[in-house]
Amino acid sequence: MARYRDSLPQLSSDLFLTDGGLETTLIFRQGITLPDFAAFDLLKHRQGYQALEQYFRTYASMAQKYGVGFILESATWRANPDWGRKLGYDHESLAEMNRRAIALLDEIRQEYETEKARMVISGCIGPRGDGYVPTEVMTENEAELYHHQQIQTFRDTDADMVTAITMNYPEEAIGITRAAKLAEMPVAISFTVETDGKLPTGQSLKDAIEQVDTVTDYTPVYYAINCAHPTHFADVLAANEPWVQRIRGIRANASIKSHAELNESVEIDDGNPEELGSQYRQLLNNLKHINVLGGCCGTDERHVEAICKAVLPLLWAHFANTFAKL
């Protein structure tokens with residue numbers, strides 16, 4: 001059964017890591033073919049299952065080593081109806097892949113979780129269309145109906161929450177939030193932004209978050225930013241406004257390239273792990289409430305470990321200062 005669904009531990013001030021760029025790691029570092037970027041498709045055979053198992057073990061072991069929390073994000077970013085249909089999955093076989101993805105993470109949690117390294121299982125929800133280009137824009141009601149199936153499947157597993165990742169317009173995020181609320185599942189919303197810090201639609205991050213909160217009565221437990229480099233959004237987060245406080249997670253790309261440039265790349269741009277860790281530390285200097293940290297495209301365990309090493313001293317210092325004031 002779900003362990004933390006009624007009390008998510010990452011809502012504390014403790015550090016929680018996530019994994020890095022699952023798909024780019026599998027494709028570019030391990031040479032695994034992923035049709036349509038669909039990592040969940042690996043779960044249909046033993047070799048693929050083992051590849052995902054080893055991938056998540058690497059990160060769970062890291063969290064255990066450093067004594068920090070970890071968000072186990074399922075390999076289901078593409079496991080929604082349209083993408084599943086393209087790969088030959090019907091309703092039931094797609095639901096089975098979503099269940100297998102969560103069962104794999106439950107096995108990892110049972111093996112690696114400790115009192116200091118609490119591990120939350122999240123059912124990953126991806127966009128219906130392209131993650132970078134909002135070509136198939138739905139209404140809020142259409143999005144709720146479309147994503148309902150996957151979220152209901154997660155509800156009946158050991159998943160503690162669902163996380164919508166790489167959202168590029170608010171109506172889809174609103175529909176997912178409503179579907180999650182109906183399923184009584186905590187939901188986090190992660191938007192992606194372009195190099196100017198705005199959503200691919202041109203809407204500001206502030207307006208998108210405020211729109212979702214207003215329409216859903218602040219249902220998301222928190223927001224995050226993913227699939228963009230820190231230099232793309234650092235200035236946007238400098239605003240000392242309430243909407244910024246709603247952001248708790250960062251999963252940045254390794255590369256400073258735009259989405260369009262990344263789409264055209266035939267080789268991985270893995271940037272500089274230490275530099276990325278330093279950029280995270282700079283962000284957290286002023287945004288101490290952000291505590292869910294990991295990577296996205298081009299990142300791997302090197303980047304996430306560099307991030308962990310860079311920000312842990314900040315969190316320890318913050319804890320010491322807080323304790324001294326008591």
# chains A, B, ... in the order shown; residues from 1 in each chain; ligands from 1
>>> select_by_dssp(residues="range 1-192 of chain A", states="alpha helix (DSSP H)", output="PyMOL selection string")
chain A and resi 22-24+46-66+81-86+91-112+140-155+170-182
>>> closest_residue(among="A:Gly129, A:Pro81, A:Pro242, A:Gly21", to="Asn226 in chain A", atoms="only C-alpha atoms")
A:Gly21
>>> closest_residue(among="A:Leu22, A:Val133, A:Val187, A:Leu237", to="Asn285 in chain A", atoms="only C-alpha atoms")
A:Leu237
>>> closest_atom_pairs(of="range 179-235 of chain A", to="range 144-159 of chain A", cutoff="7 Å", atoms="only C-alpha atoms", output="JSON lines")
{"residue": "A:Ala179", "atom": "CA", "partner": "A:Glu144", "partner_atom": "CA", "distance": 5.3}
{"residue": "A:Ala180", "atom": "CA", "partner": "A:Ile151", "partner_atom": "CA", "distance": 6.3}
{"residue": "A:Ala183", "atom": "CA", "partner": "A:Gln152", "partner_atom": "CA", "distance": 6.1}
{"residue": "A:Met185", "atom": "CA", "partner": "A:Arg155", "partner_atom": "CA", "distance": 6.6}
>>> write_last_selection(atoms="N, CA and C atoms", output="compact mmCIF listing (two decimals), in the first residue's frame")
# COMPACT_ATOMS: atom_id res chain seq x y z
N ALA A 179 -8.08 15.65 -12.16
CA ALA A 179 -8.16 14.19 -12.19
C ALA A 179 -7.50 13.58 -10.96
N ALA A 180 -6.38 14.17 -10.53
CA ALA A 180 -5.69 13.68 -9.34
C ALA A 180 -6.54 13.90 -8.09
N ALA A 183 -9.17 11.38 -7.84
CA ALA A 183 -8.61 10.09 -7.42
C ALA A 183 -8.03 10.13 -6.01
N MET A 185 -5.36 11.69 -5.01
CA MET A 185 -3.91 11.54 -5.10
C MET A 185 -3.25 12.91 -5.00
>>> residues_around(residues="Ser258 in chain A", least_positions_apart="2", cutoff="8 Å", atoms="only C-alpha atoms", output="list in words")
Glu194, Thr195, Ala228, Ile256, Ala260, Glu261 and Leu262 of chain A
>>> write_last_selection(atoms="N, CA and C atoms", output="compact mmCIF listing (two decimals), in the first residue's frame")
# COMPACT_ATOMS: atom_id res chain seq x y z
N GLU A 194 11.21 28.20 -21.74
CA GLU A 194 12.20 28.46 -22.78
C GLU A 194 13.36 29.26 -22.19
N THR A 195 14.28 29.67 -23.04
CA THR A 195 15.47 30.39 -22.57
C THR A 195 15.13 31.74 -21.95
N ALA A 228 14.88 22.67 -18.46
CA ALA A 228 15.42 23.98 -18.79
C ALA A 228 16.67 24.17 -17.93
N ILE A 256 22.77 24.35 -21.84
CA ILE A 256 22.18 25.70 -21.91
C ILE A 256 21.41 25.89 -23.21
N ALA A 260 14.57 24.02 -29.08
CA ALA A 260 14.72 23.82 -30.52
C ALA A 260 16.10 23.25 -30.85
N GLU A 261 17.13 23.78 -30.20
CA GLU A 261 18.49 23.29 -30.44
C GLU A 261 18.64 21.85 -29.95
N LEU A 262 18.05 21.54 -28.80
CA LEU A 262 18.14 20.17 -28.28
C LEU A 262 17.43 19.18 -29.21
>>> select_by_dssp(residues="range 68-296 of chain A", states="strand (DSSP E)", output="ChimeraX atom specification")
/A:69-73,119-125,161-167,187-191,222-226,247-252,292-295
>>> residues_around(residues="His229 in chain A", least_positions_apart="2", cutoff="7 Å", atoms="only C-alpha atoms", output="list in words")
Cys227, Thr231, His232, Ala252, Asn253, Ala254, Ser255 and Ile256 of chain A
>>> residues_around(residues="Ala39 in chain A", least_positions_apart="5", cutoff="8 Å", atoms="only C-alpha atoms", output="CSV table (one decimal) with C-alpha atoms, in the first residue's frame")
chain,number,residue,atom,x,y,z
A,22,LEU,CA,16.2,8.9,-17.6
A,23,GLU,CA,15.6,8.8,-21.3
A,34,LEU,CA,13.5,4.1,-26.9
A,75,ALA,CA,9.3,5.6,-16.1
A,76,THR,CA,5.9,6.5,-17.4
A,77,TRP,CA,6.3,9.9,-18.9
A,78,ARG,CA,5.0,8.5,-22.2
>>> closest_residue(among="A:Met1, A:Ile189, A:Ala103, A:Ala239", to="Asn286 in chain A", atoms="only C-alpha atoms")
A:Ala239
>>> residues_around(residues="Arg246 in chain A", least_positions_apart="2", cutoff="8 Å", atoms="only C-alpha atoms", output="VMD selection string")
chain A and resid 222 to 223 242 to 244 248
>>> closest_residue(among="A:Asp160, A:Glu184, A:Asp41, A:Asp235", to="Ile121 in chain A", atoms="only C-alpha atoms")
A:Asp160
>>> residues_around(residues="Asn168 in chain A", least_positions_apart="2", cutoff="12 Å", atoms="only C-alpha atoms", output="VMD selection string")
chain A and resid 126 to 138 164 to 166 170 to 174 189 to 194 197 to 205 208 to 209 225 to 228 259
>>> write_last_selection(atoms="N, CA and C atoms", output="short mmCIF file (atom, residue, chain, number, x, y, z; two decimals), in the first residue's frame")
data_model
loop_
_atom_site.label_atom_id
_atom_site.label_comp_id
_atom_site.auth_asym_id
_atom_site.auth_seq_id
_atom_site.Cartn_x
_atom_site.Cartn_y
_atom_site.Cartn_z
N GLY A 126 3.17 12.51 -18.19
CA GLY A 126 3.75 13.38 -19.21
C GLY A 126 2.68 14.06 -20.03
N PRO A 127 3.06 15.00 -20.88
CA PRO A 127 2.08 15.72 -21.70
C PRO A 127 1.50 14.82 -22.78
N ARG A 128 0.29 15.15 -23.21
CA ARG A 128 -0.33 14.39 -24.29
C ARG A 128 0.45 14.57 -25.59
N GLY A 129 0.92 15.77 -25.82
CA GLY A 129 1.64 16.06 -27.05
C GLY A 129 3.13 16.14 -26.83
N ASP A 130 3.79 16.95 -27.65
CA ASP A 130 5.22 17.14 -27.55
C ASP A 130 5.55 17.93 -26.29
N GLY A 131 6.63 17.51 -25.61
CA GLY A 131 7.00 18.20 -24.37
C GLY A 131 7.50 19.61 -24.59
N TYR A 132 8.02 19.89 -25.77
CA TYR A 132 8.59 21.20 -26.06
C TYR A 132 7.62 22.12 -26.80
N VAL A 133 6.75 21.52 -27.62
CA VAL A 133 5.87 22.33 -28.48
C VAL A 133 4.41 21.95 -28.19
N PRO A 134 3.62 22.88 -27.65
CA PRO A 134 2.22 22.58 -27.33
C PRO A 134 1.34 22.58 -28.57
N THR A 135 1.47 21.52 -29.38
CA THR A 135 0.72 21.44 -30.64
C THR A 135 -0.70 20.92 -30.45
N GLU A 136 -0.91 20.11 -29.42
CA GLU A 136 -2.24 19.54 -29.17
C GLU A 136 -2.79 20.13 -27.87
N VAL A 137 -3.30 21.34 -27.97
CA VAL A 137 -3.78 22.04 -26.78
C VAL A 137 -5.20 21.60 -26.46
N MET A 138 -5.39 21.14 -25.22
CA MET A 138 -6.70 20.70 -24.77
C MET A 138 -7.35 21.74 -23.87
N ALA A 164 3.12 15.69 -12.67
CA ALA A 164 3.00 16.03 -14.09
C ALA A 164 4.26 16.77 -14.50
N ILE A 165 5.02 16.19 -15.41
CA ILE A 165 6.34 16.71 -15.77
C ILE A 165 6.37 17.22 -17.21
N THR A 166 7.05 18.34 -17.40
CA THR A 166 7.19 19.02 -18.69
C THR A 166 5.85 19.52 -19.20
N PRO A 170 -1.05 25.79 -19.12
CA PRO A 170 -1.73 25.54 -17.84
C PRO A 170 -3.00 24.71 -17.93
N GLU A 171 -3.72 24.72 -19.05
CA GLU A 171 -4.97 23.98 -19.12
C GLU A 171 -4.76 22.48 -18.93
N GLU A 172 -3.68 21.95 -19.50
CA GLU A 172 -3.40 20.53 -19.28
C GLU A 172 -3.05 20.27 -17.83
N ALA A 173 -2.29 21.17 -17.22
CA ALA A 173 -1.94 21.03 -15.80
C ALA A 173 -3.19 21.08 -14.93
N ILE A 174 -4.13 21.92 -15.29
CA ILE A 174 -5.38 22.02 -14.53
C ILE A 174 -6.17 20.73 -14.65
N ILE A 189 2.98 19.74 -9.97
CA ILE A 189 2.99 20.19 -11.36
C ILE A 189 4.35 20.79 -11.69
N SER A 190 4.99 20.27 -12.73
CA SER A 190 6.28 20.79 -13.16
C SER A 190 6.16 21.39 -14.56
N PHE A 191 6.40 22.68 -14.67
CA PHE A 191 6.37 23.37 -15.96
C PHE A 191 7.76 23.41 -16.57
N THR A 192 7.81 23.43 -17.89
CA THR A 192 9.06 23.69 -18.59
C THR A 192 9.02 25.10 -19.16
N VAL A 193 10.18 25.71 -19.31
CA VAL A 193 10.26 27.07 -19.84
C VAL A 193 11.32 27.14 -20.93
N GLU A 194 11.21 28.20 -21.74
CA GLU A 194 12.20 28.46 -22.78
C GLU A 194 13.36 29.26 -22.19
N GLY A 197 12.65 32.13 -19.84
CA GLY A 197 11.94 31.87 -18.59
C GLY A 197 10.44 31.79 -18.73
N LYS A 198 9.92 31.84 -19.95
CA LYS A 198 8.48 31.75 -20.18
C LYS A 198 8.12 30.38 -20.73
N LEU A 199 6.88 29.99 -20.56
CA LEU A 199 6.40 28.74 -21.12
C LEU A 199 6.50 28.77 -22.64
N PRO A 200 6.51 27.61 -23.31
CA PRO A 200 6.56 27.60 -24.78
C PRO A 200 5.43 28.38 -25.44
N THR A 201 4.34 28.59 -24.75
CA THR A 201 3.23 29.38 -25.28
C THR A 201 3.49 30.88 -25.19
N GLY A 202 4.53 31.27 -24.47
CA GLY A 202 4.82 32.68 -24.26
C GLY A 202 4.26 33.21 -22.94
N GLN A 203 3.48 32.39 -22.24
CA GLN A 203 2.93 32.80 -20.95
C GLN A 203 4.01 32.80 -19.89
N SER A 204 3.94 33.73 -18.96
CA SER A 204 4.92 33.77 -17.89
C SER A 204 4.69 32.63 -16.92
N LEU A 205 5.75 32.19 -16.27
CA LEU A 205 5.64 31.13 -15.27
C LEU A 205 4.74 31.58 -14.13
N ALA A 208 1.12 31.25 -15.20
CA ALA A 208 0.71 29.85 -15.32
C ALA A 208 0.43 29.25 -13.95
N ILE A 209 1.34 29.47 -13.01
CA ILE A 209 1.15 28.93 -11.65
C ILE A 209 -0.07 29.55 -10.99
N ILE A 225 10.11 23.10 -11.77
CA ILE A 225 10.55 23.49 -13.12
C ILE A 225 11.45 22.37 -13.63
N ASN A 226 11.23 21.95 -14.86
CA ASN A 226 12.11 20.92 -15.43
C ASN A 226 12.39 21.19 -16.90
N CYS A 227 13.40 20.50 -17.41
CA CYS A 227 13.78 20.55 -18.82
C CYS A 227 14.13 21.96 -19.28
N ALA A 228 14.88 22.67 -18.46
CA ALA A 228 15.42 23.98 -18.79
C ALA A 228 16.67 24.17 -17.93
N HIS A 259 15.18 24.53 -26.39
CA HIS A 259 14.46 23.31 -26.76
C HIS A 259 14.64 23.01 -28.24
#
